[in-house]
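Enquirer: Data: input.txt, compact mmCIF, C-alpha atoms.
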# COMPACT_ATOMS: atom_id res chain seq x y z
CA MET U 1 15.94 -88.44 52.18
CA ALA U 2 17.22 -88.02 55.76
CA ARG U 3 15.43 -90.11 58.37
CA LEU U 4 16.97 -90.16 61.85
CA GLU U 5 16.47 -93.09 64.23
CA LEU U 6 17.67 -93.41 67.81
CA GLU U 7 17.57 -96.98 69.12
CA GLN U 8 17.89 -97.62 72.87
CA LEU U 9 20.35 -94.72 73.21
CA ASP U 10 22.08 -94.57 76.59
CA CYS U 11 24.49 -92.03 78.10
CA TRP U 12 26.35 -91.81 81.42
CA TYR U 13 28.51 -89.05 82.91
CA GLY U 14 30.25 -90.81 85.79
CA GLU U 15 27.40 -91.94 88.05
CA THR U 16 24.84 -89.66 86.37
CA HIS U 17 22.49 -91.44 83.98
CA ALA U 18 21.92 -88.56 81.55
CA VAL U 19 19.97 -90.47 78.88
CA ASP U 20 18.22 -93.73 79.70
CA HIS U 21 17.74 -96.02 76.67
CA ILE U 22 15.58 -93.71 74.57
CA THR U 23 14.11 -94.70 71.20
CA LEU U 24 12.91 -92.09 68.71
CA ALA U 25 12.36 -91.60 64.96
CA VAL U 26 12.52 -88.23 63.17
CA GLU U 27 11.03 -88.38 59.70
CA ASP U 28 12.50 -86.88 56.54
CA GLY U 29 11.98 -83.09 56.47
CA GLU U 30 10.52 -83.02 59.97
CA LEU U 31 11.36 -80.41 62.62
CA CYS U 32 11.57 -82.30 65.91
CA VAL U 33 11.92 -80.36 69.17
CA LEU U 34 13.47 -81.96 72.26
CA LEU U 35 11.77 -80.13 75.13
CA GLY U 36 12.40 -80.34 78.84
CA PRO U 37 13.96 -78.69 81.90
CA SER U 38 17.70 -78.30 82.44
CA GLY U 39 19.37 -81.65 83.09
CA CYS U 40 16.68 -83.74 81.39
CA GLY U 41 19.07 -85.19 78.77
CA LYS U 42 18.05 -83.25 75.67
CA THR U 43 21.45 -81.65 74.95
CA SER U 44 23.24 -84.94 75.70
CA THR U 45 20.99 -86.59 73.12
CA LEU U 46 21.84 -83.90 70.57
CA ARG U 47 25.57 -84.24 71.25
CA MET U 48 25.38 -88.01 70.76
CA ILE U 49 23.67 -87.47 67.38
CA ALA U 50 26.38 -84.96 66.41
CA GLY U 51 29.14 -87.34 67.49
CA PHE U 52 30.60 -85.24 70.32
CA VAL U 53 29.57 -87.80 72.95
CA ARG U 54 29.81 -91.55 72.44
CA PRO U 55 26.72 -93.48 73.64
CA ALA U 56 27.22 -96.06 76.38
CA ASP U 57 24.74 -98.25 74.53
CA GLY U 58 22.38 -98.12 71.58
CA GLU U 59 22.71 -97.00 67.98
CA ILE U 60 21.97 -93.97 65.80
CA TYR U 61 20.82 -94.44 62.20
CA LEU U 62 20.75 -91.82 59.44
CA ASP U 63 18.88 -93.04 56.35
CA GLY U 64 19.08 -96.54 57.78
CA ARG U 65 22.86 -96.40 58.09
CA PRO U 66 24.50 -96.68 61.53
CA ILE U 67 26.66 -93.62 62.27
CA CYS U 68 27.86 -94.08 65.89
CA HIS U 69 31.25 -95.30 64.64
CA LEU U 70 31.75 -92.22 62.40
CA TYR U 71 33.65 -89.08 63.39
CA PRO U 72 31.48 -85.92 63.64
CA GLY U 73 32.90 -84.56 60.38
CA ASP U 74 31.94 -87.72 58.49
CA ARG U 75 28.27 -87.74 59.47
CA ASN U 76 27.05 -84.98 57.09
CA ILE U 77 25.42 -83.23 60.06
CA ALA U 78 25.52 -79.47 60.80
CA MET U 79 25.02 -77.96 64.26
CA VAL U 80 24.33 -74.47 65.62
CA PHE U 81 25.45 -73.95 69.21
CA GLN U 82 23.91 -71.76 71.90
CA ASN U 83 26.87 -69.34 71.83
CA TYR U 84 27.15 -69.34 67.97
CA ALA U 85 30.96 -70.05 68.14
CA LEU U 86 31.92 -67.42 65.54
CA TYR U 87 35.54 -66.56 64.75
CA PRO U 88 36.14 -62.90 65.68
CA HIS U 89 38.83 -62.47 62.96
CA LYS U 90 36.65 -63.76 60.09
CA THR U 91 34.07 -61.80 58.13
CA VAL U 92 30.57 -63.11 57.41
CA ARG U 93 31.74 -64.13 53.93
CA GLN U 94 34.72 -66.02 55.36
CA HIS U 95 32.43 -67.82 57.84
CA PHE U 96 30.27 -69.00 54.94
CA VAL U 97 33.30 -70.11 52.89
CA PHE U 98 35.11 -71.89 55.73
CA PRO U 99 33.04 -75.15 55.86
CA LEU U 100 33.23 -75.49 52.05
CA ILE U 101 37.05 -75.57 51.88
CA PRO U 102 37.44 -79.25 52.94
CA THR U 103 34.81 -80.29 50.37
CA ARG U 104 37.09 -79.13 47.52
CA VAL U 105 34.26 -77.56 45.53
CA SER U 106 35.28 -75.07 42.85
CA ARG U 107 35.79 -71.39 43.61
CA ARG U 108 32.90 -70.58 41.31
CA GLU U 109 30.53 -72.87 43.20
CA ILE U 110 31.72 -71.48 46.53
CA GLU U 111 30.87 -67.96 45.35
CA GLN U 112 27.49 -69.15 44.09
CA ARG U 113 26.64 -70.82 47.40
CA VAL U 114 27.75 -67.77 49.41
CA ASN U 115 25.51 -65.53 47.31
CA GLU U 116 22.60 -67.97 47.63
CA MET U 117 22.98 -68.07 51.42
CA ALA U 118 23.31 -64.28 51.62
CA ASP U 119 20.07 -63.99 49.61
CA PHE U 120 18.32 -66.54 51.75
CA LEU U 121 19.36 -64.86 55.03
CA GLU U 122 19.14 -61.28 53.65
CA MET U 123 22.78 -60.61 54.55
CA HIS U 124 24.34 -59.22 51.35
CA ASP U 125 25.09 -55.87 53.01
CA LEU U 126 26.82 -57.64 55.92
CA LEU U 127 29.15 -60.02 54.09
CA ASP U 128 32.28 -57.99 54.81
CA ARG U 129 31.55 -57.31 58.49
CA TYR U 130 33.15 -59.05 61.45
CA PRO U 131 31.12 -60.64 64.32
CA GLY U 132 31.92 -57.69 66.60
CA GLU U 133 30.13 -55.40 64.14
CA LEU U 134 26.93 -57.47 64.13
CA SER U 135 23.90 -57.58 66.41
CA ALA U 136 23.02 -60.79 68.30
CA GLY U 137 20.34 -61.61 65.74
CA GLN U 138 22.74 -61.10 62.84
CA GLN U 139 25.38 -63.28 64.52
CA GLN U 140 22.79 -65.99 64.91
CA ARG U 141 22.01 -65.82 61.18
CA VAL U 142 25.72 -66.16 60.40
CA ALA U 143 25.91 -69.32 62.53
CA ILE U 144 22.86 -70.76 60.76
CA GLY U 145 24.22 -69.86 57.32
CA ARG U 146 27.62 -71.40 58.10
CA ALA U 147 25.85 -74.64 59.08
CA LEU U 148 23.43 -74.76 56.14
CA ILE U 149 25.83 -73.80 53.34
CA ARG U 150 27.28 -77.34 53.44
CA ARG U 151 23.81 -78.68 52.57
CA PRO U 152 23.85 -81.28 55.36
CA LYS U 153 21.44 -84.16 55.68
CA LEU U 154 20.61 -83.28 59.28
CA PHE U 155 20.46 -79.91 61.05
CA LEU U 156 20.93 -79.70 64.85
CA LEU U 157 20.23 -76.60 66.97
CA ASP U 158 21.06 -76.35 70.67
CA GLU U 159 18.96 -73.56 72.28
CA PRO U 160 20.01 -71.08 69.54
CA LEU U 161 17.69 -68.25 70.67
CA ASN U 162 18.73 -68.06 74.32
CA ASN U 163 20.93 -64.99 73.85
CA LEU U 164 18.24 -62.91 72.11
CA ASP U 165 15.72 -60.52 73.66
CA GLU U 166 12.03 -61.38 73.56
CA ARG U 167 11.14 -59.38 70.44
CA LEU U 168 14.11 -60.72 68.49
CA ARG U 169 13.38 -64.26 69.67
CA ALA U 170 9.89 -64.12 68.19
CA GLU U 171 11.18 -62.68 64.90
CA THR U 172 14.04 -65.17 64.61
CA ARG U 173 11.77 -68.07 65.56
CA ALA U 174 9.49 -67.23 62.62
CA ASN U 175 12.50 -66.96 60.26
CA LEU U 176 13.86 -70.32 61.44
CA ARG U 177 10.53 -72.00 60.79
CA ARG U 178 10.32 -70.43 57.33
CA MET U 179 13.84 -71.58 56.45
CA GLN U 180 13.28 -75.12 57.65
CA GLN U 181 10.03 -75.43 55.69
CA GLU U 182 11.58 -74.02 52.50
CA LEU U 183 14.69 -76.21 52.70
CA GLN U 184 12.79 -79.29 53.93
CA ILE U 185 15.84 -80.29 55.96
CA THR U 186 15.41 -82.81 58.79
CA THR U 187 15.99 -80.82 61.98
CA VAL U 188 16.40 -81.59 65.69
CA TYR U 189 16.00 -78.53 67.91
CA VAL U 190 16.71 -78.43 71.65
CA THR U 191 14.95 -75.98 73.98
CA HIS U 192 13.56 -75.62 77.51
CA ASP U 193 11.04 -73.02 76.27
CA GLN U 194 7.65 -74.58 75.66
CA VAL U 195 6.47 -71.50 73.71
CA GLU U 196 9.34 -72.08 71.25
CA ALA U 197 8.45 -75.75 70.99
CA GLN U 198 4.79 -75.04 70.31
CA ALA U 199 5.64 -72.43 67.66
CA LEU U 200 8.30 -74.41 65.77
CA ALA U 201 7.74 -78.13 66.03
CA ASP U 202 6.18 -80.69 63.75
CA LYS U 203 6.93 -83.17 66.54
CA VAL U 204 7.57 -82.44 70.24
CA VAL U 205 9.56 -84.86 72.40
CA VAL U 206 9.05 -84.05 76.09
CA MET U 207 11.98 -85.30 78.19
CA ASP U 208 12.58 -85.58 81.93
CA MET U 209 15.40 -87.22 83.92
CA GLY U 210 16.82 -88.92 80.83
CA HIS U 211 13.48 -90.42 79.76
CA ILE U 212 11.03 -89.54 77.00
CA ARG U 213 7.68 -88.74 78.63
CA GLN U 214 5.66 -88.12 75.47
CA VAL U 215 6.07 -87.77 71.70
CA GLY U 216 3.44 -86.00 69.63
CA SER U 217 2.44 -82.90 67.72
CA PRO U 218 2.29 -79.60 69.65
CA GLN U 219 -1.51 -79.96 69.75
CA GLU U 220 -1.35 -83.53 71.07
CA VAL U 221 1.02 -82.80 73.97
CA TYR U 222 -1.05 -79.74 74.90
CA HIS U 223 -4.55 -81.20 74.65
CA TYR U 224 -3.75 -84.83 75.56
CA PRO U 225 -0.78 -84.87 77.98
CA ALA U 226 0.39 -88.38 78.84
CA ASP U 227 1.06 -87.60 82.49
CA MET U 228 1.21 -84.85 85.10
CA PHE U 229 4.77 -83.87 84.22
CA VAL U 230 3.86 -83.13 80.60
CA ALA U 231 0.61 -81.44 81.65
CA GLY U 232 2.42 -79.16 84.09
CA PHE U 233 5.35 -78.38 81.80
CA ILE U 234 3.30 -77.40 78.73
CA GLY U 235 1.19 -74.27 79.06
CA MET U 236 1.59 -70.87 80.72
CA PRO U 237 0.51 -70.36 83.43
CA PRO U 238 0.90 -74.07 84.27
CA MET U 239 -2.04 -76.41 84.68
CA ASN U 240 -3.84 -76.39 88.04
CA PHE U 241 -3.79 -79.74 89.88
CA ILE U 242 -6.44 -80.59 92.47
CA ALA U 243 -6.44 -83.77 94.57
CA CYS U 244 -9.90 -85.39 94.48
CA ARG U 245 -11.72 -88.57 95.42
CA LEU U 246 -14.07 -90.36 93.03
CA GLU U 247 -17.45 -91.24 94.51
CA TRP U 248 -20.60 -92.70 93.01
CA GLU U 249 -24.19 -91.68 93.70
CA GLY U 250 -26.05 -94.38 91.81
CA THR U 251 -24.74 -94.09 88.26
CA GLN U 252 -23.52 -90.52 88.72
CA PRO U 253 -19.72 -90.14 89.21
CA ILE U 254 -18.72 -87.20 91.43
CA LEU U 255 -15.28 -85.75 92.17
CA ARG U 256 -15.04 -84.51 95.73
CA ASN U 257 -12.47 -82.66 97.79
CA SER U 258 -12.68 -80.34 100.78
CA CYS U 259 -13.73 -77.36 98.62
CA PHE U 260 -16.27 -78.71 96.11
CA SER U 261 -18.25 -81.60 94.66
CA LEU U 262 -18.12 -81.86 90.88
CA PRO U 263 -20.59 -84.15 89.07
CA LEU U 264 -18.93 -85.55 85.93
CA ARG U 265 -20.86 -85.57 82.68
CA GLY U 266 -20.41 -86.61 79.07
CA ALA U 267 -16.95 -87.81 78.03
CA MET U 268 -15.54 -87.23 81.52
CA ALA U 269 -18.12 -89.54 83.06
CA GLU U 270 -17.31 -92.21 80.44
CA ARG U 271 -13.60 -92.04 81.27
CA VAL U 272 -14.18 -92.96 84.93
CA ASP U 273 -16.90 -95.52 84.21
CA SER U 274 -14.72 -98.49 85.21
CA LEU U 275 -13.05 -96.85 88.23
CA PRO U 276 -14.09 -97.93 91.74
CA GLN U 277 -15.62 -95.92 94.57
CA GLY U 278 -13.00 -93.98 96.53
CA ARG U 279 -10.34 -93.91 93.78
CA GLU U 280 -7.82 -91.11 94.45
CA LEU U 281 -7.46 -88.89 91.36
CA ILE U 282 -5.87 -85.59 90.38
CA LEU U 283 -8.07 -83.15 88.49
CA GLY U 284 -6.06 -81.07 86.00
CA VAL U 285 -7.50 -77.77 84.74
CA ARG U 286 -5.68 -75.28 82.55
CA PRO U 287 -6.12 -71.61 83.57
CA GLU U 288 -7.85 -70.78 80.28
CA HIS U 289 -10.47 -73.48 80.97
CA ILE U 290 -11.75 -71.85 84.17
CA ARG U 291 -14.71 -69.49 83.81
CA VAL U 292 -15.25 -66.82 86.45
CA THR U 293 -18.59 -65.17 87.32
CA PRO U 294 -19.12 -61.97 89.40
CA GLN U 295 -20.71 -63.90 92.25
CA PRO U 296 -21.16 -67.55 93.30
CA GLY U 297 -24.22 -69.37 91.97
CA ASP U 298 -25.85 -72.80 92.24
CA ASP U 299 -23.83 -74.15 89.30
CA THR U 300 -20.49 -72.62 90.30
CA ILE U 301 -17.82 -73.19 92.94
CA PRO U 302 -17.32 -70.28 95.39
CA ALA U 303 -13.85 -68.70 95.43
CA GLU U 304 -12.12 -65.49 96.42
CA VAL U 305 -10.00 -63.26 94.19
CA TYR U 306 -6.55 -63.42 95.77
CA VAL U 307 -4.23 -61.76 93.20
CA LEU U 308 -4.81 -59.82 89.96
CA GLU U 309 -2.21 -60.06 87.17
CA PRO U 310 -3.14 -57.87 84.16
CA GLN U 311 -1.31 -58.99 80.99
CA SER U 312 -2.05 -56.87 77.94
CA ASN U 313 -5.58 -57.83 76.81
CA GLU U 314 -5.70 -60.77 79.23
CA LEU U 315 -6.20 -61.05 82.96
CA VAL U 316 -4.66 -63.78 85.12
CA LEU U 317 -6.46 -64.32 88.44
CA ASP U 318 -5.24 -66.18 91.51
CA LEU U 319 -8.40 -67.67 93.02
CA LYS U 320 -8.46 -68.95 96.60
CA MET U 321 -10.64 -71.91 97.61
CA GLY U 322 -9.85 -72.92 101.17
CA ASP U 323 -6.19 -73.96 101.12
CA LEU U 324 -6.14 -74.15 97.31
CA ILE U 325 -4.89 -71.39 94.98
CA LEU U 326 -5.99 -71.79 91.36
CA LYS U 327 -4.99 -69.65 88.40
CA SER U 328 -7.44 -68.62 85.70
CA ARG U 329 -6.63 -66.77 82.48
CA GLY U 330 -8.97 -65.07 80.08
CA ASP U 331 -9.69 -62.08 77.86
CA LYS U 332 -10.60 -58.97 79.88
CA GLN U 333 -13.49 -58.11 77.57
CA GLU U 334 -14.96 -61.62 77.65
CA LEU U 335 -14.80 -61.68 81.45
CA GLY U 336 -17.67 -59.16 81.57
CA PHE U 337 -16.78 -57.54 84.91
CA ARG U 338 -13.80 -56.00 86.73
CA PRO U 339 -12.67 -58.28 89.57
CA GLU U 340 -11.21 -56.85 92.77
CA VAL U 341 -8.94 -58.44 95.34
CA GLY U 342 -11.03 -60.01 98.10
CA GLN U 343 -14.16 -60.27 95.91
CA ARG U 344 -16.25 -63.43 96.22
CA VAL U 345 -16.76 -64.97 92.79
CA GLY U 346 -18.01 -68.20 91.26
CA ILE U 347 -15.88 -70.48 89.09
CA ARG U 348 -16.77 -73.20 86.62
CA PHE U 349 -14.51 -75.78 84.95
CA LEU U 350 -14.99 -76.54 81.24
CA GLN U 351 -15.41 -80.29 81.54
CA ARG U 352 -14.72 -80.92 77.84
CA ALA U 353 -11.17 -79.62 78.42
CA VAL U 354 -10.21 -80.87 81.90
CA HIS U 355 -7.98 -83.86 82.64
CA LEU U 356 -7.88 -86.66 85.17
CA PHE U 357 -4.69 -88.32 86.40
CA ASP U 358 -4.16 -91.34 88.60
CA LYS U 359 -2.71 -90.14 91.92
CA GLU U 360 -0.24 -93.03 92.24
CA THR U 361 1.12 -93.34 88.70
CA GLU U 362 0.46 -89.70 87.65
CA LYS U 363 -0.65 -91.10 84.27
CA ARG U 364 -3.62 -89.60 82.45
CA VAL U 365 -6.84 -91.55 82.94
Turn the structure described in the file into structure tokens.
Expert:
Amino acid sequence: MARLELEQLDCWYGETHAVDHITLAVEDGELCVLLGPSGCGKTSTLRMIAGFVRPADGEIYLDGRPICHLYPGDRNIAMVFQNYALYPHKTVRQHFVFPLIPTRVSRREIEQRVNEMADFLEMHDLLDRYPGELSAGQQQRVAIGRALIRRPKLFLLDEPLNNLDERLRAETRANLRRMQQELQITTVYVTHDQVEAQALADKVVVMDMGHIRQVGSPQEVYHYPADMFVAGFIGMPPMNFIACRLEWEGTQPILRNSCFSLPLRGAMAERVDSLPQGRELILGVRPEHIRVTPQPGDDTIPAEVYVLEPQSNELVLDLKMGDLILKSRGDKQELGFRPEVGQRVGIRFLQRAVHLFDKETEKRV
């Protein structure tokens, strides 16, 4: 068992408050991704877990045991860095053997573990090569193997795919997920790439300015973002945000702004049932939840095609409504027509999938 707990963890660099009293639990065998922009505190959190940075306050528990007082080498934690940190004068085999030397295991067991790791990573043919003779993807596998061969309780990865091209990133991402699931090792993975987070994580922790904004499964943070930061950070292209005012016509709630009036129905109407007349709200609509028709109609909002962005089988449209520019995304075949720049079209929001946020707090209604 390897359950990780962070309790009111705090970190300062001079006057910069890098991590602000965060609390988090990572369950045994779980792959937890710390996701956020540069400078949000995710790598500082990882380095505190590893023991490279001492927290200003708070405690870290591994299997219920406090570890903040332990040196990094005594924590039974393995870490893969962004730059892999391979020794240029050591072969792949020597990299695998190196972390086993201090453990004083027998030579026979060392050879057995090296062969097991080479099988697992499909690297038997590369065991006698040096890092300079390996591709970036192969070097990354060496770094992972060197970390895992110790059989640590906790596995930490700090943006390990940053140095790979897009095709290799996708391939390595799948291999990492397979390895983690087979080994069932508790893992904390740091990235700024929300596609990586969605593909890998059992649990996503969205961070910003040293704070945790939301913790949940990839589906939860995508479909039920806690606030506008999470909503805008998860998804590509990002969510559209439209400032609106809530008005009531009898029992019918309506969102109004300078470009449209949108009667709310079903679950959306229930969510604003207790809100007063004139409440300032932000309507959040993901690009894939905007439907576009060849011309405006009675049940659509008029807009103008501003920019076309073909992407493989999909089409991303920039749609202009007055001073607003919204992005829509959809399958070219399902669109049913070929839009042209300057064309007047109609748009419709899928109300079952849109979001409302309070303008002041930016929290989801």
Enquirer: List every protein, DNA or RNA residue with an atom no more than 9 Å from (9.9, -81.2, 53.8) in the file's coordinates, counting all atoms listed in the file, and format the result as an MDAnalysis selection string.
Expert: chainID U and resid 28:31 180:186
Enquirer: U:Tyr130: which residues within 9 Å, counting all atoms listed in the file, same-chain residues fewer than 4 positions away excluded, as a list in words?
Expert: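 Listed by chain and then number, they are Tyr87, Pro88, His89, Lys90, Thr91, Val92, Leu126 and Leu134 of chain U.
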Enquirer: Quick one: residues within 10 Å of U:Leu168, all atoms listed in the file, excluding same-chain residues fewer than 6 positions away - as a list in words?
Expert: Ala136, Gly137, Leu161 and Ala174 of chain U
Enquirer: With all atoms listed in the file as the basis for distance, which of U:Phe233, U:Glu249, U:Ala199, U:His69 is at the shortest distance from U:Gln219?
Expert: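 Among the listed residues, the smallest separation from U:Gln219 belongs to U:Ala199.
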Enquirer: Name the closest residue to U:Gly39 among the candidates U:Gly210, U:Pro225, U:Gly73, U:Gly51; distances are taken between atoms, counting all atoms listed in the file.
Expert: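 Using all atoms listed in the file, the shortest distance to U:Gly39 belongs to U:Gly210.
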Enquirer: Residues proximal to (-4.6, -74.4, 88.8) were defined as those with any atom within 8 Å of that point in the file's coordinates, counting all atoms listed in the file. Which are they, as a PyMOL selection string?
Expert: chain U and resi 238-242+284-287+325-328
Enquirer: Could you write out that same residue set with C-alpha atoms as a PDB file, in the frame of the given file?
Expert:
ATOM      1  CA  PRO U 238       0.900 -74.070  84.270  1.00  0.00           C
ATOM      2  CA  MET U 239      -2.040 -76.410  84.680  1.00  0.00           C
ATOM      3  CA  ASN U 240      -3.840 -76.390  88.040  1.00  0.00           C
ATOM      4  CA  PHE U 241      -3.790 -79.740  89.880  1.00  0.00           C
ATOM      5  CA  ILE U 242      -6.440 -80.590  92.470  1.00  0.00           C
ATOM      6  CA  GLY U 284      -6.060 -81.070  86.000  1.00  0.00           C
ATOM      7  CA  VAL U 285      -7.500 -77.770  84.740  1.00  0.00           C
ATOM      8  CA  ARG U 286      -5.680 -75.280  82.550  1.00  0.00           C
ATOM      9  CA  PRO U 287      -6.120 -71.610  83.570  1.00  0.00           C
ATOM     10  CA  ILE U 325      -4.890 -71.390  94.980  1.00  0.00           C
ATOM     11  CA  LEU U 326      -5.990 -71.790  91.360  1.00  0.00           C
ATOM     12  CA  LYS U 327      -4.990 -69.650  88.400  1.00  0.00           C
ATOM     13  CA  SER U 328      -7.440 -68.620  85.700  1.00  0.00           C
TER      14      SER U 328
END
Enquirer: When you look at U:Ala2 with a cut-off of 12 Å (counting all atoms listed in the file), what residues show up, excluding the ones that are within fewer than 6 positions of it in the same chain? I need them as a list of chain:residue names.
Expert: U:Ala25, U:Val26, U:Glu27, U:Asp28, U:Gly29, U:Glu30, U:Leu31, U:Tyr61, U:Leu62, U:Asp63, U:Gly64, U:Arg65, U:Arg75, U:Asn76, U:Ile77, U:Arg151, U:Pro152, U:Lys153, U:Leu154, U:Phe155, U:Gln184, U:Ile185, U:Thr186, U:Thr187, U:Val188
Enquirer: Keeping only C-alpha atoms, write those residues as a CSV table (one decimal), in the frame of the given file.
Expert:
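Contents of part-v4.csv, freshly written:
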chain,number,residue,atom,x,y,z
U,25,ALA,CA,12.4,-91.6,65.0
U,26,VAL,CA,12.5,-88.2,63.2
U,27,GLU,CA,11.0,-88.4,59.7
U,28,ASP,CA,12.5,-86.9,56.5
U,29,GLY,CA,12.0,-83.1,56.5
U,30,GLU,CA,10.5,-83.0,60.0
U,31,LEU,CA,11.4,-80.4,62.6
U,61,TYR,CA,20.8,-94.4,62.2
U,62,LEU,CA,20.8,-91.8,59.4
U,63,ASP,CA,18.9,-93.0,56.4
U,64,GLY,CA,19.1,-96.5,57.8
U,65,ARG,CA,22.9,-96.4,58.1
U,75,ARG,CA,28.3,-87.7,59.5
U,76,ASN,CA,27.0,-85.0,57.1
U,77,ILE,CA,25.4,-83.2,60.1
U,151,ARG,CA,23.8,-78.7,52.6
U,152,PRO,CA,23.8,-81.3,55.4
U,153,LYS,CA,21.4,-84.2,55.7
U,154,LEU,CA,20.6,-83.3,59.3
U,155,PHE,CA,20.5,-79.9,61.0
U,184,GLN,CA,12.8,-79.3,53.9
U,185,ILE,CA,15.8,-80.3,56.0
U,186,THR,CA,15.4,-82.8,58.8
U,187,THR,CA,16.0,-80.8,62.0
U,188,VAL,CA,16.4,-81.6,65.7
Enquirer: Just checking: using all atoms listed in the file, which residue out of U:Glu133, U:Asp298, U:Asp128, U:Glu5 ends up closest to U:His95?
Expert: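 The answer is U:Asp128, which sits nearest to U:His95.
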Enquirer: So that I can check the surroundings of stretch 356-364 of chain U, please list as an mmCIF file with C-alpha atoms, keeping the file's coordinate frame every protein, DNA and RNA residue that reaches within 10 Å of it, counting only C-alpha atoms and ignoring chain neighbours fewer than 2 positions away.
Expert:
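Output saved as result.cif:
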data_model
loop_
_atom_site.group_PDB
_atom_site.id
_atom_site.type_symbol
_atom_site.label_atom_id
_atom_site.label_comp_id
_atom_site.auth_asym_id
_atom_site.auth_seq_id
_atom_site.Cartn_x
_atom_site.Cartn_y
_atom_site.Cartn_z
ATOM 1 C CA TYR U 224 -3.750 -84.830 75.560
ATOM 2 C CA PRO U 225 -0.780 -84.870 77.980
ATOM 3 C CA ALA U 226 0.390 -88.380 78.840
ATOM 4 C CA ASP U 227 1.060 -87.600 82.490
ATOM 5 C CA MET U 228 1.210 -84.850 85.100
ATOM 6 C CA PHE U 229 4.770 -83.870 84.220
ATOM 7 C CA VAL U 230 3.860 -83.130 80.600
ATOM 8 C CA ALA U 231 0.610 -81.440 81.650
ATOM 9 C CA PHE U 241 -3.790 -79.740 89.880
ATOM 10 C CA ILE U 242 -6.440 -80.590 92.470
ATOM 11 C CA ALA U 243 -6.440 -83.770 94.570
ATOM 12 C CA CYS U 244 -9.900 -85.390 94.480
ATOM 13 C CA ARG U 245 -11.720 -88.570 95.420
ATOM 14 C CA MET U 268 -15.540 -87.230 81.520
ATOM 15 C CA ARG U 271 -13.600 -92.040 81.270
ATOM 16 C CA VAL U 272 -14.180 -92.960 84.930
ATOM 17 C CA ARG U 279 -10.340 -93.910 93.780
ATOM 18 C CA GLU U 280 -7.820 -91.110 94.450
ATOM 19 C CA LEU U 281 -7.460 -88.890 91.360
ATOM 20 C CA ILE U 282 -5.870 -85.590 90.380
ATOM 21 C CA LEU U 283 -8.070 -83.150 88.490
ATOM 22 C CA GLY U 284 -6.060 -81.070 86.000
ATOM 23 C CA VAL U 285 -7.500 -77.770 84.740
ATOM 24 C CA VAL U 354 -10.210 -80.870 81.900
#
Enquirer: Given all atoms listed in the file as the basis, pick out the residue of U:Pro302, U:Gly58, U:Pro296, U:Pro37 nearest to U:Gly322.
Expert: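 Closest residue, counting all atoms listed in the file: U:Pro302.
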Enquirer: Which one is closest to U:Ile49: U:Leu157, U:Asp119, U:Gly36, U:Asp323? Count all atoms listed in the file.
Expert: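 Distance minimum relative to U:Ile49 lands on U:Leu157.
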Enquirer: Interatomic distance between atom CA of U:Ser38 and atom CA of U:Asp158?
Expert: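 For atom CA of U:Ser38 relative to atom CA of U:Asp158, the distance reads 12.4 Å.
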Enquirer: Just want the 9 Å neighbourhood of U:Thr43, counted on only C-alpha atoms, with same-chain residues fewer than 3 positions away dropped. Output as a VMD selection string.
Expert: chain U and resid 34 39 to 40 46 to 48 158 to 159 190 to 191
Enquirer: Quick one: distance from atom CA of U:Val221 to atom CA of U:Arg178 in Å, one decimal?
Expert: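 Taking atom CA of U:Val221 as the start and atom CA of U:Arg178 as the end point, the length is 22.7 Å.
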